[in-house]
$ cat query.txt   # compact mmCIF, C-alpha atoms
# COMPACT_ATOMS: atom_id res chain seq x y z
CA MET A 1 -4.32 -6.83 8.98
CA ALA A 2 -3.24 -10.47 8.96
CA ILE A 3 -6.28 -11.36 6.86
CA ASP A 4 -5.56 -8.51 4.46
CA GLU A 5 -2.01 -9.77 3.93
CA THR A 6 -3.34 -13.30 3.45
CA LEU A 7 -5.75 -12.03 0.80
CA LEU A 8 -2.87 -10.24 -0.93
CA GLU A 9 -0.97 -13.52 -1.01
CA SER A 10 -4.05 -15.28 -2.41
CA ALA A 11 -4.25 -12.63 -5.12
CA ALA A 12 -0.55 -13.04 -5.93
CA THR A 13 -0.43 -16.83 -5.87
CA GLU A 14 -4.00 -18.01 -6.55
CA ASN A 15 -5.12 -15.20 -8.85
CA ARG A 16 -8.00 -14.56 -6.44
CA CYS A 17 -9.78 -11.22 -6.28
CA THR A 18 -11.35 -10.41 -2.90
CA LEU A 19 -13.35 -7.56 -1.46
CA ARG A 20 -13.69 -7.55 2.30
CA TRP A 21 -15.58 -5.21 4.65
CA TYR A 22 -14.93 -5.12 8.34
CA GLN A 23 -15.16 -3.13 11.56
CA TRP A 24 -12.93 -3.03 14.63
CA ASP A 25 -13.82 -4.49 18.01
CA GLN A 26 -12.10 -1.61 19.81
CA PRO A 27 -10.78 1.83 18.82
CA THR A 28 -7.41 1.11 17.22
CA ILE A 29 -4.60 3.09 15.64
CA SER A 30 -3.20 1.49 12.50
CA LEU A 31 0.22 2.81 11.58
CA GLY A 32 1.39 3.27 8.02
CA TYR A 33 4.09 0.78 7.07
CA PHE A 34 7.00 3.21 7.33
CA GLN A 35 5.63 5.33 10.17
CA LYS A 36 7.50 5.61 13.43
CA ASN A 37 5.67 4.29 16.47
CA VAL A 38 6.72 6.94 18.98
CA SER A 39 4.75 8.25 21.90
CA GLU A 40 5.54 11.91 21.18
CA ASP A 41 3.43 11.58 18.05
CA ALA A 42 0.46 10.53 20.12
CA ASP A 43 -2.17 12.91 21.38
CA GLU A 44 -3.36 12.29 24.96
CA SER A 45 -6.79 11.32 23.68
CA TRP A 46 -5.54 8.33 21.74
CA LYS A 47 -2.02 7.49 22.89
CA TYR A 48 -3.27 4.56 24.98
CA LEU A 49 -5.34 2.94 22.24
CA ALA A 50 -4.41 -0.41 20.72
CA ARG A 51 -2.00 -0.19 17.78
CA VAL A 52 -1.22 -2.30 14.78
CA ARG A 53 1.11 -1.67 11.86
CA ARG A 54 -0.37 -1.97 8.40
CA LEU A 55 1.28 -3.45 5.36
CA SER A 56 0.30 -0.38 3.34
CA GLY A 57 1.74 3.11 3.30
CA GLY A 58 0.37 6.48 4.35
CA GLY A 59 -0.43 7.92 7.77
CA ALA A 60 -1.97 6.47 10.90
CA ILE A 61 -5.71 5.84 11.01
CA LEU A 62 -7.85 5.85 14.11
CA HIS A 63 -10.34 3.11 13.37
CA HIS A 64 -13.47 3.60 15.44
CA HIS A 65 -16.91 4.41 14.07
CA GLU A 66 -16.17 3.50 10.48
CA LEU A 67 -16.36 0.88 7.78
CA THR A 68 -13.05 -0.53 6.60
CA TYR A 69 -12.57 -2.28 3.29
CA SER A 70 -9.77 -4.22 1.72
CA PHE A 71 -9.61 -5.16 -1.91
CA ALA A 72 -7.07 -7.68 -3.16
CA LEU A 73 -6.44 -7.56 -6.88
CA PRO A 74 -4.42 -10.20 -8.78
CA GLY A 75 -1.72 -9.11 -11.21
CA SER A 76 -3.73 -10.48 -14.13
CA HIS A 77 -6.38 -7.74 -13.79
CA PRO A 78 -5.74 -4.80 -16.17
CA LEU A 79 -5.87 -2.34 -13.26
CA ALA A 80 -2.96 -4.07 -11.56
CA LYS A 81 -0.70 -2.42 -14.12
CA LEU A 82 -2.14 0.98 -13.18
CA PRO A 83 -2.14 0.92 -9.38
CA PRO A 84 -2.87 4.64 -8.79
CA GLU A 85 -6.02 4.26 -10.89
CA LEU A 86 -7.30 1.58 -8.53
CA TYR A 87 -7.96 4.32 -5.96
CA VAL A 88 -10.37 6.02 -8.34
CA ALA A 89 -11.86 2.72 -9.54
CA ILE A 90 -12.88 1.85 -5.97
CA HIS A 91 -13.75 5.33 -4.77
CA GLN A 92 -16.08 6.22 -7.64
CA PRO A 93 -18.60 3.42 -6.91
CA ILE A 94 -18.44 4.41 -3.24
CA ILE A 95 -19.34 7.99 -4.24
CA ASP A 96 -22.26 6.69 -6.31
CA VAL A 97 -23.60 4.47 -3.54
CA LEU A 98 -23.29 7.15 -0.87
CA ALA A 99 -25.13 9.59 -3.14
CA ALA A 100 -27.93 7.04 -3.55
CA HIS A 101 -28.13 6.91 0.25
CA GLY A 102 -28.43 10.70 0.47
CA LEU A 103 -24.79 11.24 1.39
CA PRO A 104 -23.17 13.30 -1.39
CA VAL A 105 -19.38 13.16 -1.27
CA GLN A 106 -16.77 13.98 -3.89
CA PHE A 107 -13.11 13.56 -4.77
CA ARG A 108 -10.84 16.14 -3.13
CA GLY A 109 -9.35 16.85 -6.53
CA VAL A 110 -6.08 18.31 -5.27
CA SER A 111 -3.24 16.91 -3.19
CA PHE A 112 -1.27 18.69 -0.52
CA ARG A 113 1.86 17.59 1.24
CA SER A 114 4.02 19.25 3.85
CA GLU A 115 7.58 18.68 4.98
CA SER A 116 6.23 17.25 8.21
CA GLU A 117 3.14 15.27 7.39
CA PRO A 118 0.46 14.97 10.13
CA PHE A 119 0.60 11.69 12.06
CA LEU A 120 -3.03 10.86 11.30
CA CYS A 121 -4.00 10.02 7.74
CA PHE A 122 -7.19 12.06 8.04
CA GLY A 123 -5.04 15.17 8.47
CA ARG A 124 -3.32 14.52 5.14
CA GLY A 125 -4.62 15.34 1.68
CA ASP A 126 -4.59 13.29 -1.49
CA GLU A 127 -6.52 14.24 -4.61
CA ARG A 128 -8.31 10.88 -4.58
CA ASP A 129 -9.59 11.22 -1.01
CA LEU A 130 -13.33 11.52 -0.65
CA ILE A 131 -14.54 14.64 1.10
CA TYR A 132 -17.77 16.18 2.28
CA GLN A 133 -17.69 19.98 2.39
CA GLY A 134 -13.89 19.90 2.55
CA GLN A 135 -13.69 17.27 5.32
CA LYS A 136 -11.98 13.99 4.50
CA ILE A 137 -14.31 11.05 5.05
CA LEU A 138 -12.49 8.30 3.13
CA GLY A 139 -8.87 7.61 2.27
CA SER A 140 -7.13 4.49 0.97
CA ALA A 141 -3.63 3.03 0.80
CA GLN A 142 -1.96 0.14 -1.01
CA ARG A 143 0.56 -2.62 -0.73
CA ARG A 144 1.89 -4.08 -3.97
CA ARG A 145 3.51 -7.50 -4.08
CA ARG A 146 4.57 -9.58 -7.08
CA GLY A 147 2.17 -7.71 -9.36
CA ALA A 148 -0.82 -8.04 -7.02
CA ILE A 149 -2.24 -5.21 -4.94
CA VAL A 150 -4.15 -4.98 -1.71
CA GLN A 151 -5.84 -1.65 -1.21
CA HIS A 152 -7.62 -0.82 1.99
CA GLY A 153 -9.43 2.24 3.18
CA SER A 154 -11.61 3.70 5.90
CA LEU A 155 -14.98 5.37 5.60
CA LEU A 156 -15.34 7.66 8.61
CA LEU A 157 -19.01 7.60 9.54
CA LEU A 158 -19.16 8.98 13.09
CA THR A 159 -16.75 11.27 14.89
CA SER A 160 -14.56 9.41 17.37
CA GLU A 161 -14.19 10.95 20.81
CA HIS A 162 -10.51 10.08 20.44
CA ALA A 163 -10.10 12.32 17.38
CA PRO A 164 -12.78 15.02 17.56
CA ASP A 165 -11.02 17.12 14.91
CA PHE A 166 -12.11 14.65 12.25
CA PRO A 167 -15.91 14.65 11.93
CA GLY A 168 -17.74 11.64 10.57
CA LEU A 169 -19.90 11.81 7.48
CA LEU A 170 -23.08 11.22 9.46
CA ASN A 171 -22.18 14.01 11.88
CA LEU A 172 -21.48 16.38 9.02
CA THR A 173 -24.82 15.59 7.42
CA GLY A 174 -26.84 15.58 10.66
CA GLN A 175 -27.73 11.90 10.29
CA THR A 176 -25.98 10.29 13.22
CA ASP A 177 -29.07 8.23 14.09
CA ARG A 178 -28.50 6.21 10.89
CA PHE A 179 -25.37 4.55 12.35
CA GLN A 180 -27.06 1.21 12.93
CA GLU A 181 -26.36 -2.34 11.93
CA THR A 182 -28.97 -2.47 9.16
CA PHE A 183 -27.68 0.72 7.56
CA LEU A 184 -24.06 -0.51 7.68
CA LYS A 185 -25.06 -3.85 6.20
CA ASN A 186 -27.02 -2.20 3.39
CA LEU A 187 -24.08 0.07 2.65
CA THR A 188 -21.59 -2.78 2.43
CA VAL A 189 -23.88 -4.80 0.15
CA ASP A 190 -24.42 -1.81 -2.13
CA PHE A 191 -20.71 -0.89 -2.12
CA SER A 192 -19.78 -4.48 -2.95
CA ASN A 193 -22.22 -4.72 -5.85
CA ALA A 194 -21.15 -1.37 -7.25
CA ILE A 195 -17.42 -2.14 -7.00
CA SER A 196 -17.95 -5.60 -8.49
CA GLN A 197 -19.75 -4.06 -11.45
CA ALA A 198 -17.21 -1.27 -11.92
CA LEU A 199 -14.21 -3.62 -11.87
CA GLU A 200 -15.94 -6.41 -13.74
CA PHE A 201 -15.27 -9.18 -11.29
CA PRO A 202 -18.02 -11.59 -10.24
CA LEU A 203 -19.13 -11.35 -6.66
CA GLU A 204 -19.57 -14.45 -4.56
CA SER A 205 -19.93 -14.43 -0.80
CA GLN A 206 -17.24 -16.64 0.73
CA ILE A 207 -15.48 -17.31 3.98
CA LEU A 208 -11.72 -17.76 4.19
CA THR A 209 -10.42 -21.12 3.05
CA ASP A 210 -8.80 -23.35 5.66
CA GLU A 211 -5.40 -22.45 4.21
CA GLU A 212 -6.14 -18.72 4.35
CA LEU A 213 -7.42 -19.02 7.90
CA ALA A 214 -4.28 -20.88 8.97
CA GLN A 215 -2.05 -18.34 7.24
CA SER A 216 -3.93 -15.43 8.84
CA GLU A 217 -3.64 -16.97 12.29
CA SER A 218 0.06 -17.54 11.78
CA LEU A 219 0.63 -13.97 10.56
CA GLU A 220 -1.40 -12.58 13.44
CA LYS A 221 0.58 -14.56 16.01
CA GLU A 222 4.05 -14.18 14.54
CA LYS A 223 3.83 -10.71 13.05
CA TYR A 224 0.92 -8.37 13.59
CA SER A 225 0.49 -8.96 17.33
CA THR A 226 4.20 -8.56 18.09
CA ASP A 227 5.87 -5.42 19.40
CA GLU A 228 8.74 -6.11 17.00
CA TRP A 229 6.38 -5.55 14.06
CA THR A 230 4.34 -2.71 15.57
CA SER A 231 7.46 -0.81 16.55
CA ARG A 232 9.28 -1.95 13.43
CA LYS A 233 12.35 -3.12 15.34
CA LYS A 234 13.84 -5.37 12.76
CA MET B 1 25.57 4.60 -16.09
CA ASP B 2 25.16 4.14 -19.79
CA GLN B 3 21.76 2.48 -20.21
CA ALA B 4 22.95 0.58 -23.27
CA SER B 5 25.40 -1.37 -21.11
CA LEU B 6 22.84 -2.35 -18.47
CA LYS B 7 20.77 -5.48 -18.07
CA PHE B 8 17.12 -5.40 -17.03
CA THR B 9 14.67 -7.68 -15.24
CA LYS B 10 10.97 -8.14 -15.86
CA THR B 11 10.37 -6.61 -12.43
CA HIS B 12 12.10 -3.42 -13.67
CA GLU B 13 15.40 -3.57 -11.82
CA TRP B 14 18.55 -2.74 -13.74
CA VAL B 15 22.00 -4.21 -13.24
CA GLY B 16 25.38 -2.76 -14.19
CA VAL B 17 28.34 -5.10 -13.90
CA GLU B 18 31.98 -4.40 -13.11
CA GLY B 19 33.93 -7.57 -12.36
CA ASP B 20 31.96 -9.52 -9.78
CA ILE B 21 30.15 -6.41 -8.49
CA ALA B 22 26.62 -5.70 -9.69
CA THR B 23 25.24 -2.20 -9.23
CA VAL B 24 21.46 -2.37 -8.92
CA GLY B 25 18.71 0.20 -9.32
CA ILE B 26 15.15 0.51 -10.59
CA SER B 27 14.34 1.76 -14.07
CA ASP B 28 12.70 5.02 -15.07
CA PHE B 29 9.64 2.97 -16.13
CA ALA B 30 9.34 1.58 -12.59
CA VAL B 31 9.81 4.98 -11.02
CA ASN B 32 7.11 6.47 -13.23
CA GLN B 33 4.74 3.68 -12.27
CA LEU B 34 5.48 4.15 -8.59
CA THR B 35 4.92 7.94 -8.80
CA ASP B 36 6.19 10.16 -5.97
CA LEU B 37 8.55 8.19 -3.75
CA VAL B 38 8.61 9.16 -0.09
CA TYR B 39 10.48 6.34 1.70
CA ILE B 40 12.97 3.65 0.84
CA GLU B 41 14.34 0.83 2.93
CA LEU B 42 17.70 -0.33 1.66
CA PRO B 43 19.27 -3.74 2.09
CA LYS B 44 21.78 -3.92 4.93
CA ILE B 45 25.46 -3.97 4.07
CA GLY B 46 26.91 -7.38 4.83
CA SER B 47 23.60 -9.16 4.38
CA THR B 48 22.98 -11.59 1.57
CA CYS B 49 20.31 -11.42 -1.08
CA GLU B 50 18.82 -14.04 -3.33
CA ALA B 51 17.80 -13.48 -6.93
CA GLY B 52 14.05 -12.89 -7.21
CA LYS B 53 13.56 -12.36 -3.47
CA VAL B 54 12.63 -9.12 -1.71
CA PHE B 55 15.67 -7.07 -0.68
CA GLY B 56 14.16 -3.64 -0.10
CA GLU B 57 10.95 -1.63 -0.07
CA VAL B 58 9.79 1.72 -1.34
CA GLU B 59 6.77 3.85 -0.54
CA SER B 60 5.25 6.12 -3.08
CA VAL B 61 2.36 8.18 -1.79
CA LYS B 62 0.39 5.71 0.33
CA ALA B 63 1.58 2.62 -1.60
CA VAL B 64 4.37 0.32 -0.43
CA SER B 65 6.09 -1.88 -3.03
CA ASP B 66 8.73 -4.57 -2.72
CA LEU B 67 12.09 -4.35 -4.47
CA TYR B 68 13.46 -7.62 -5.81
CA ALA B 69 17.10 -8.62 -5.92
CA PRO B 70 18.07 -9.36 -9.52
CA VAL B 71 21.15 -11.33 -8.49
CA SER B 72 22.28 -13.38 -5.53
CA GLY B 73 25.21 -12.40 -3.40
CA GLU B 74 26.43 -10.16 -0.59
CA ILE B 75 25.36 -6.53 -0.20
CA VAL B 76 28.61 -4.55 -0.20
CA GLU B 77 27.26 -1.00 -0.59
CA ALA B 78 23.91 0.77 -0.24
CA ASN B 79 23.07 4.26 -1.42
CA GLU B 80 22.29 5.72 2.01
CA ALA B 81 21.69 9.18 0.53
CA LEU B 82 18.37 7.89 -0.79
CA VAL B 83 17.02 7.41 2.73
CA ASP B 84 16.79 11.18 3.25
CA ASP B 85 16.20 12.18 -0.36
CA GLN B 86 14.53 9.88 -2.85
CA SER B 87 14.61 12.39 -5.70
CA PRO B 88 17.66 10.78 -7.43
CA LEU B 89 15.50 7.70 -8.03
CA SER B 90 13.30 9.74 -10.35
CA ASP B 91 15.77 12.42 -11.47
CA ASP B 92 18.67 10.10 -12.29
CA PRO B 93 17.51 6.46 -11.95
CA PHE B 94 20.49 5.02 -13.85
CA GLY B 95 23.08 7.18 -12.10
CA ALA B 96 22.75 8.86 -8.70
CA GLY B 97 19.61 6.79 -8.08
CA TRP B 98 21.51 3.50 -7.81
CA ILE B 99 20.27 1.50 -4.83
CA THR B 100 22.84 -1.08 -3.89
CA LYS B 101 25.97 -2.97 -4.95
CA VAL B 102 26.06 -6.72 -4.73
CA LYS B 103 29.09 -9.01 -4.79
CA MET B 104 27.63 -11.70 -7.01
CA SER B 105 27.76 -15.33 -5.98
CA ASN B 106 26.35 -16.60 -9.27
CA PRO B 107 27.11 -14.31 -12.23
CA ALA B 108 25.37 -16.80 -14.54
CA GLU B 109 22.10 -15.30 -13.25
CA LEU B 110 22.81 -12.33 -15.50
CA ASP B 111 22.27 -14.44 -18.60
CA GLN B 112 18.48 -14.42 -18.21
CA PHE B 113 18.14 -10.62 -18.24
CA MET B 114 17.12 -8.32 -21.09
CA ASN B 115 19.38 -5.84 -22.80
CA ALA B 116 18.28 -2.20 -23.09
CA ASP B 117 16.55 -2.65 -26.46
CA ASP B 118 14.59 -5.71 -25.39
CA TYR B 119 13.66 -4.04 -22.14
CA LYS B 120 12.32 -1.03 -24.01
CA LYS B 121 10.09 -3.33 -26.05
CA PHE B 122 9.02 -5.12 -22.87
CA CYS B 123 7.99 -1.82 -21.27
CA GLU B 124 6.01 -0.88 -24.36
CA SER B 125 4.10 -4.14 -24.13
CA GLU B 126 3.53 -3.60 -20.40
CA ALA B 127 2.09 -0.15 -21.03
CA HIS B 128 -0.57 -1.49 -23.39

$ encode --input "query.txt" --output "C-alpha cells"
Amino acid sequence: MAIDETLLESAATENRCTLRWYQWDQPTISLGYFQKNVSEDADESWKYLARVRRLSGGGAILHHHELTYSFALPGSHPLAKLPPELYVAIHQPIIDVLAAHGLPVQFRGVSFRSESEPFLCFGRGDERDLIYQGQKILGSAQRRRRGAIVQHGSLLLLTSEHAPDFPGLLNLTGQTDRFQETFLKNLTVDFSNAISQALEFPLESQILTDEELAQSESLEKEKYSTDEWTSRKK
Amino acid sequence: MDQASLKFTKTHEWVGVEGDIATVGISDFAVNQLTDLVYIELPKIGSTCEAGKVFGEVESVKAVSDLYAPVSGEIVEANEALVDDQSPLSDDPFGAGWITKVKMSNPAELDQFMNADDYKKFCESEAH
C-alpha cells in the first residue's frame, strides 16, 4: 500500500505512469479507505488475519491466492479526466488476456448496491467488475490526487480457505493445478503488454527509484503499519 | 446560492463570500465527474485550512478523492448533514450541498478565482 501511494505521488509530481503487479506474503484483509475496522464485521475465519487500510475506496478485500495490480496514471493522460473509464480501460485487456489463456470472463454489466453493503468487496457488485458465470473474480478501486489516479484491483485465482464463499477463477474453471509461478508470471507479462498497448504508454521494466523506495519505507513505517491508520483514529 | 455571484477554482470548488466568511462547496461539474457519492469527510470546526491544501475527502463508488481548500483561514462551520446523506451535493451543489464555512485569513486569495462565466468556459475545455 505504501508503494502504491508512492507511485501515485510519482504520477502526480513526476508525470510517471506505472503498472505494478504483486502478491501478498500472508493472507491479508485490506480495508477500503472509509471502512470501519470493527471486529463485529469480521467472520471467525478471517478476523485474526493481518489488516491494512488502503488509500482507495470500496469494500474490504481478502488478499490470498490472487494477483494484485496497481496502475498509477498522471493527470496529463487523457483518461485521467475520465476516471470511471479507467476501470474499463484496464479491465478490457485483462478480459482479452484471460480469454487467450482459456479463462473466459466478462463485465458484470449491472451494478447493485444495498443500504448495508457487505464488508467484503467480493460480496459487492459494480457493473465494471469481471465475473465468471456470475461470480466476481476481479474488482478495482481508485484514489485520485491532484489530477493523478492510482487504481488497484485483485484477480481472485484460487478460493481462500478464509473466504470459501468467494470461489477463485481457477476453481470455477476446474484448473486449480495451473496456479503455479510460471503461469502467474506469464499472466502478468501478458496483462502488462495488453494494458500498455490499450492505454498507449510505453512499457519499461523498472525498480523503484531511491527516492520512491525511501518514501515507501517512510509511509510504511509512519502510516500503513500503524494502528492509528488501520483503525482510522485521527 | 446564486451561481453568478460565486467564484470558482480550477479544482472545481466554489466560494460564496459574505464579509470575511467564505462558504465553500464543489461544483455540479465536479459532482458529475465524481459520480455517486457515498462518503464525505468534512474539515473539523476550529481547525485551520490553507489555500490549495487538502481539507476534506469524498468517496464516490470505490474512488476516494481529495477536496482542496480554496482559501486559507479557520473552519467555522461544516455541513454535518452531508455525513449521513450526500445527496445534496448532487441535487443542490450550490445550495444545500455547501460543505464548509471558512473565516478567511487572506481574502486577497479570492482575486485569482474565476467568475461563473469563465468557469463555464473552463469546464467546457476540460470536457474536451

$ interface_residues --input "query.txt" --of "chain A" --to "chain B" --cutoff "6 Å" --atoms "all atoms listed in the file" --output "list of chain:residue names"
A:Ser56, A:Gly57, A:Gly58, A:Ala141, A:Gln142, A:Arg143, A:Arg144

$ atom_distance --input "query.txt" --atom1 "CA of Gly134 in chain A" --atom2 "CA of Gln92 in chain A"
17.2 Å

$ residues_around --input "query.txt" --residues "range 195-198 of chain A" --least-positions-apart "2" --cutoff "12 Å" --atoms "only C-alpha atoms" --output "ChimeraX atom specification"
/A:17-20,69-71,73,79,86-97,187-193,200-205

$ closest_residue --input "query.txt" --among "A:Gln106, A:Ile61, A:Ala80, A:Gln26" --to "Pro118 in chain A" --atoms "all atoms listed in the file"
A:Ile61

$ axis_aligned_box --input "query.txt" --around "range 21-38 of chain B" --padding-each-side "8 Å" --output "lines of an AutoDock Vina configuration file"
center_x = 17.4
center_y = 1.9
center_z = -8.1
size_x = 41.4
size_y = 32.6
size_z = 32.0

$ residues_near_point --input "query.txt" --point "(-9.6, 13.2, 24.0)" --cutoff "8 Å" --atoms "only C-alpha atoms" --output "ChimeraX atom specification"
/A:43-46,161-164

$ closest_residue --input "query.txt" --among "A:Asn171, A:Ser140, A:Gln215, A:Gln35" --to "Arg53 in chain A" --atoms "all atoms listed in the file"
A:Gln35

$ atom_distance --input "query.txt" --atom1 "CA of Gly75 in chain A" --atom2 "CA of Gly52 in chain B"
16.7 Å

$ atom_distance --input "query.txt" --atom1 "CA of Glu181 in chain A" --atom2 "CA of Asp210 in chain A"
28.1 Å

$ residues_near_point --input "query.txt" --point "(21.7, -9.2, 6.9)" --cutoff "12 Å" --atoms "all atoms listed in the file" --output "PyMOL selection string"
(chain A and resi 234) or (chain B and resi 42-50+55-56+73-76)

$ write_last_selection --input "query.txt" --atoms "C-alpha atoms" --output "CSV table (one decimal), in the frame of the given file"
chain,number,residue,atom,x,y,z
A,234,LYS,CA,13.8,-5.4,12.8
B,42,LEU,CA,17.7,-0.3,1.7
B,43,PRO,CA,19.3,-3.7,2.1
B,44,LYS,CA,21.8,-3.9,4.9
B,45,ILE,CA,25.5,-4.0,4.1
B,46,GLY,CA,26.9,-7.4,4.8
B,47,SER,CA,23.6,-9.2,4.4
B,48,THR,CA,23.0,-11.6,1.6
B,49,CYS,CA,20.3,-11.4,-1.1
B,50,GLU,CA,18.8,-14.0,-3.3
B,55,PHE,CA,15.7,-7.1,-0.7
B,56,GLY,CA,14.2,-3.6,-0.1
B,73,GLY,CA,25.2,-12.4,-3.4
B,74,GLU,CA,26.4,-10.2,-0.6
B,75,ILE,CA,25.4,-6.5,-0.2
B,76,VAL,CA,28.6,-4.6,-0.2

$ closest_residue --input "query.txt" --among "A:Pro167, A:Gly147, A:Gly102, A:Gly139" --to "Thr68 in chain A" --atoms "all atoms listed in the file"
A:Gly139

$ residues_around --input "query.txt" --residues "range 124-128 of chain A" --least-positions-apart "4" --cutoff "6 Å" --atoms "all atoms listed in the file" --output "VMD selection string"
chain A and resid 107 to 112

$ residues_around --input "query.txt" --residues "Lys136 in chain A" --least-positions-apart "4" --cutoff "9 Å" --atoms "only C-alpha atoms" --output "PyMOL selection string"
chain A and resi 108+122-125+129-132+156+166-169

$ residues_around --input "query.txt" --residues "Asn115 in chain B" --least-positions-apart "4" --cutoff "7 Å" --atoms "only C-alpha atoms" --output "PDB file with C-alpha atoms, in the coordinates of the input"
ATOM      1  CA  LEU B   6      22.840  -2.350 -18.470  1.00  0.00           C
ATOM      2  CA  LYS B   7      20.770  -5.480 -18.070  1.00  0.00           C
ATOM      3  CA  PHE B   8      17.120  -5.400 -17.030  1.00  0.00           C
ATOM      4  CA  TYR B 119      13.660  -4.040 -22.140  1.00  0.00           C
TER       5      TYR B 119
END

$ residues_around --input "query.txt" --residues "Leu49 in chain A" --least-positions-apart "2" --cutoff "8 Å" --atoms "all atoms listed in the file" --output "PyMOL selection string"
chain A and resi 27-29+46-47+51

$ closest_residue --input "query.txt" --among "B:Glu18, B:Asp28, B:Glu13, B:Asp2" --to "Asp91 in chain B" --atoms "all atoms listed in the file"
B:Asp28

$ closest_residue --input "query.txt" --among "B:Ser90, B:Leu110, B:Asp117, B:Lys53" --to "Phe29 in chain B" --atoms "all atoms listed in the file"
B:Ser90

$ closest_residue --input "query.txt" --among "A:Ala12, A:Pro83, A:Thr6, A:Leu158" --to "His64 in chain A" --atoms "only C-alpha atoms"
A:Leu158
